[in-house]
Amino acid sequence: SILASITKQPNLLDSFILNYSALIAALVHLVGVDFAAVILEKCVPILDHNRYLAKSNQASFEEEGEGISPARIVMNTITLLSYLYELQV
């Protein structure tokens, strides 16, 4: 899924997130607004959970063996959401 590829990569460039955002925007225009609602519905729990972990300092950098910090997941998710906003999704 698109969200898994964004949240599970530690060194993801903003240009890749922009490409994923453009793909989501194109799918929203083809499928409908319900697709955007599903994406946002899945982004919010990811964002809340990892923001809590990053703030509480209880998270290790090797959560679930992925080696990515919760702060980086939060940053990637916020970048995706901001690009979606910019693309008027």
# chains A, B, ... in the order shown; residues from 1 in each chain; ligands from 1
>>> residues_around(residues="segment 39-45 of chain A", least_positions_apart="4", cutoff="8 Å", atoms="only C-alpha atoms", output="list in words")
Leu3, Phe35, His49 and Thr77 of chain A
>>> atom_distance(atom1="atom CA of Ile24 of chain A", atom2="atom CA of Asp48 of chain A")
21.2 Å
>>> atom_distance(atom1="atom CA of Ala36 of chain A", atom2="atom CA of Val89 of chain A")
6.9 Å
>>> closest_residue(among="A:Leu30, A:Leu53, A:Ala22, A:Leu13", to="Val74 of chain A", atoms="only C-alpha atoms")
A:Leu53
>>> closest_residue(among="A:Leu80, A:Ile2, A:Pro70, A:Leu12", to="Leu27 of chain A", atoms="only C-alpha atoms")
A:Ile2
>>> residues_around(residues="Gln88 of chain A", least_positions_apart="4", cutoff="9 Å", atoms="only C-alpha atoms", output="list of chain:residue names")
A:Ala25, A:Tyr83, A:Leu84
>>> atom_distance(atom1="atom CA of Asn50 of chain A", atom2="atom CA of Val38 of chain A")
19.0 Å
